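K.L.:
Provided herewith is a single structure, encoded as structure tokens, for subsequent inquiry.
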Amino acid sequence: MALVLALAIAGLAQQVLSAGQWAAAAQAERAALQDNVRAGSLIVANELRDLGFDSVPETAGLGTAAVASSDLVSAQPGRIRYRATRGLGFTCAAPLPDLLVVGTAGWAGMRQPVAGVDSAAIYLEGDPATFGDDAWVRAAVTGVSAASCPDGRAATALALAWEAPLVGAAAAPRAVVGGPVRLFEVMELAYYRSEGAAWLGQRSVSRGEVVQPLVGPLADSTGGTRGFTLTYLDRNGSVTLVPGDIRGIGIALRGITARPVRGRRVNRAVVDTFEVDGRITLRNMVRP
């Protein structure tokens with residue numbers, strides 16, 4: 001009888017010890033899951049927050065049709081390709097059709113310009129008394145070299161290549177000294193599967209990179225659930241996939257634990273999930 005009682009007590013003690021270990025492991029897994037998803041949602045929001053529209057009005061006098069060009073290159077529920085800002089500077093010398101001189105002192109960005117990767121969005125001033133003829137135009141950066149401003153300050157010279165050379169010739173006289181220049185590269189965020197798990201990945205399209213994991217593992221796309229889902233809204237709040245019509249982007253990131261964890265029912269381990277939702281509005285256009 002004593003032996004049976006001792007075995008029963010030992011069994012109960014083992015169950016209590018195992019339950020404590022399972023609870024500790026589950027808590028650690030859930031904490032890692034929540035940290036992973038929250039960090040990922042912040043990365044995505046910060047990466048997309050600067051997206052917007054650059055316009056060329058009819059009164060700009062550049063010989064082109066009026067257009068409001070979006071920073072969105074392509075938009076899919078699980079993939080987005082966009083023009084990501086990498087720096088902002090200000091011209092310090094009279095611009096030429098194929099050359100901009102940007103002052104070093106006023107440069108702000110995550111890195112220096114890179115030829116063959118970056119493009120420049122250049123601000124053009126029309127009549128100073130009105131903003132209706134101001135424009136932003138884009139050109140590829142084909143060369144980067146050290147230079148000097150007319151007053152001797154350090155600067156960076158950006159060699160430019162225009163898709164339409166006539167636009168470059170018309171733009172140069174309108175790019176005022178001291179005007180802003182925004183440098184960007186084309187990036188992509190995408191939901192994809194690798195090594196049996198789902199991930200949110202990122203790559204530079206301008207550099208020709210392959211996608212690299214950014215956040216994961218994420219919920220699978222089976223059963224109508226995707227770990228990374230983007231919802232694109234027009235000015236009326238309706239869903240659209242046309243880049244030029246998009247005014248807002250809903251972001252949903254749904255992560256899973258790296259391994260099954262035990263909840264209140266300690267006899268069954270399951271994969272836990274955690275989701276963070278957010279929304280951004282594109283700049284320079286009417287809110288949805």
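Ordering of the structure tokens sets the chain letters (A, B, ...), residue numbers begin anew at 1 in every chain, and ligands are numbered from 1 in the order given.
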Env of A:Cys149: 12 Å cut, atoms = only C-alpha atoms, seq-sep filter 2 positions within chain, self excluded. Answer as a PyMOL selection string.

P.N.:
chain A and resi 90-95+100-106+146-147+151-157+177-178

K.L.:
Please identify all polymer residues within 10 Å of A:Ile246, counting only C-alpha atoms, omitting same-chain residues fewer than 3 positions from it, and present them as number ranges by chain.

P.N.:
A: 52, 70, 72, 75, 231-243, 249, 281-282, 285, 287-288

K.L.:
Given the selection you just returned, output its residues as a file containing N, CA and C atoms, formatted as an mmCIF file, in the first residue's frame.

P.N.:
```cif
data_model
loop_
_atom_site.group_PDB
_atom_site.id
_atom_site.type_symbol
_atom_site.label_atom_id
_atom_site.label_comp_id
_atom_site.auth_asym_id
_atom_site.auth_seq_id
_atom_site.Cartn_x
_atom_site.Cartn_y
_atom_site.Cartn_z
ATOM 1 N N GLY A 52 3.428 57.909 -51.591
ATOM 2 C CA GLY A 52 2.449 58.917 -51.961
ATOM 3 C C GLY A 52 2.418 59.138 -53.455
ATOM 4 N N SER A 70 1.992 57.529 -58.760
ATOM 5 C CA SER A 70 2.073 56.927 -57.436
ATOM 6 C C SER A 70 3.445 56.307 -57.204
ATOM 7 N N LEU A 72 3.597 53.584 -55.739
ATOM 8 C CA LEU A 72 3.301 52.165 -55.856
ATOM 9 C C LEU A 72 3.545 51.711 -57.296
ATOM 10 N N ALA A 75 0.664 46.345 -56.915
ATOM 11 C CA ALA A 75 -0.035 46.088 -55.657
ATOM 12 C C ALA A 75 -0.805 44.776 -55.752
ATOM 13 N N THR A 231 -4.536 45.281 -47.899
ATOM 14 C CA THR A 231 -5.820 45.669 -48.472
ATOM 15 C C THR A 231 -5.704 47.096 -48.981
ATOM 16 N N TYR A 232 -5.949 47.288 -50.271
ATOM 17 C CA TYR A 232 -5.767 48.593 -50.901
ATOM 18 C C TYR A 232 -7.136 49.269 -51.079
ATOM 19 N N LEU A 233 -7.221 50.527 -50.649
ATOM 20 C CA LEU A 233 -8.482 51.251 -50.656
ATOM 21 C C LEU A 233 -8.382 52.494 -51.530
ATOM 22 N N ASP A 234 -9.472 52.780 -52.269
ATOM 23 C CA ASP A 234 -9.514 53.995 -53.072
ATOM 24 C C ASP A 234 -10.071 55.146 -52.235
ATOM 25 N N ARG A 235 -10.343 56.273 -52.866
ATOM 26 C CA ARG A 235 -10.788 57.454 -52.128
ATOM 27 C C ARG A 235 -12.158 57.277 -51.468
ATOM 28 N N ASN A 236 -12.912 56.265 -51.922
ATOM 29 C CA ASN A 236 -14.223 55.985 -51.340
ATOM 30 C C ASN A 236 -14.184 54.867 -50.296
ATOM 31 N N GLY A 237 -12.990 54.345 -50.041
ATOM 32 C CA GLY A 237 -12.856 53.253 -49.096
ATOM 33 C C GLY A 237 -13.144 51.894 -49.688
ATOM 34 N N SER A 238 -13.285 51.811 -51.009
ATOM 35 C CA SER A 238 -13.529 50.533 -51.681
ATOM 36 C C SER A 238 -12.203 49.870 -52.045
ATOM 37 N N VAL A 239 -12.208 48.546 -52.095
ATOM 38 C CA VAL A 239 -11.000 47.791 -52.407
ATOM 39 C C VAL A 239 -10.644 47.950 -53.878
ATOM 40 N N THR A 240 -9.363 48.186 -54.162
ATOM 41 C CA THR A 240 -8.871 48.315 -55.530
ATOM 42 C C THR A 240 -7.444 47.799 -55.611
ATOM 43 N N LEU A 241 -7.036 47.353 -56.795
ATOM 44 C CA LEU A 241 -5.662 46.930 -57.035
ATOM 45 C C LEU A 241 -4.980 47.801 -58.080
ATOM 46 N N VAL A 242 -5.606 48.899 -58.454
ATOM 47 C CA VAL A 242 -5.029 49.831 -59.431
ATOM 48 C C VAL A 242 -4.136 50.817 -58.683
ATOM 49 N N PRO A 243 -2.807 50.798 -58.909
ATOM 50 C CA PRO A 243 -1.906 51.662 -58.129
ATOM 51 C C PRO A 243 -2.302 53.130 -58.134
ATOM 52 N N ILE A 249 -3.727 51.941 -47.379
ATOM 53 C CA ILE A 249 -3.312 50.535 -47.365
ATOM 54 C C ILE A 249 -3.539 49.967 -45.974
ATOM 55 N N THR A 281 -2.058 56.001 -44.845
ATOM 56 C CA THR A 281 -2.656 56.816 -45.904
ATOM 57 C C THR A 281 -1.552 57.403 -46.753
ATOM 58 N N LEU A 282 -1.695 57.318 -48.061
ATOM 59 C CA LEU A 282 -0.674 57.845 -48.965
ATOM 60 C C LEU A 282 -0.673 59.383 -48.917
ATOM 61 N N MET A 285 -2.507 63.122 -51.413
ATOM 62 C CA MET A 285 -3.789 62.866 -52.059
ATOM 63 C C MET A 285 -4.896 62.859 -51.013
ATOM 64 N N ARG A 287 -7.618 61.739 -48.498
ATOM 65 C CA ARG A 287 -7.729 60.533 -47.678
ATOM 66 C C ARG A 287 -8.949 59.712 -48.090
ATOM 67 N N PRO A 288 -8.858 58.369 -47.990
ATOM 68 C CA PRO A 288 -9.989 57.529 -48.382
ATOM 69 C C PRO A 288 -11.167 57.692 -47.427
#
```

K.L.:
Have a look at atom CA of A:Leu33 and atom CA of A:Phe274 and let me know their distance in Å, one decimal.

P.N.:
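So the answer is 7.0 Å.
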
K.L.:
As a PyMOL selection string, which residues of stretch 57-266 of chain A does DSSP assign to strand (DSSP E or B)?

P.N.:
chain A and resi 67-70+72-76+79-91+96+99-103+108-109+119-124+135-148+154-161+180-194+197-204+212-218+228-233+239+248-256+261-262

K.L.:
Let me make sure I understand: among A:Ala84, A:Ala115, A:Leu166, A:Ala45, which one has the smallest atom-to-atom distance to A:Pro97 if we use only C-alpha atoms?

P.N.:
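The shortest atom-to-atom distance to A:Pro97 comes from A:Leu166.
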
K.L.:
Pick from A:Val117, A:Ile256, A:Gly179, A:Thr229: nearest to A:Glu209, with only C-alpha atoms counted?

P.N.:
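Among the listed residues, A:Val117 lies closest to A:Glu209.
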
K.L.:
Have a look at A:Ala171, A:Val137, A:Val44, A:Ala198 and name the one nearest to A:Gly278; count only C-alpha atoms.

P.N.:
A:Val44

K.L.:
Pick out the closest residue to A:Ser119 from this set: A:Arg79, A:Arg182, A:Arg49, A:Arg30. Count only C-alpha atoms.

P.N.:
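Going through A:Arg79, A:Arg182, A:Arg49, A:Arg30 one by one, the smallest distance to A:Ser119 is for A:Arg182.
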
K.L.:
One decimal, in Å: what's the spacing between atom CA of A:Gly78 and atom CA of A:Ile251?

P.N.:
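Between these atoms lies a distance of 10.1 Å.
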
K.L.:
Which residue gives the smallest distance to A:Leu200 among A:Leu253, A:Leu158, A:Ala175, A:Val144, with only C-alpha atoms counted?

P.N.:
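Distance minimum relative to A:Leu200 lands on A:Leu253.
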
K.L.:
Between A:Asp272, A:Asp35, A:Asp220, A:Asp118, which is the closest to A:Ala161 once you count only C-alpha atoms?

P.N.:
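Using only C-alpha atoms, A:Ala161 sits closest to A:Asp118.
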
K.L.:
For atom CA of A:Leu88 and atom CA of A:Tyr123, quote the distance in Å rounded to one decimal.

P.N.:
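That distance, rounded to one decimal, is 11.5 Å.
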
K.L.:
What lies within 10 Å of A:Asn36 using only C-alpha atoms, ignoring chain neighbours under 5 positions off, as a ChimeraX atom specification?

P.N.:
/A:30-31,41,214-218,255-257,274
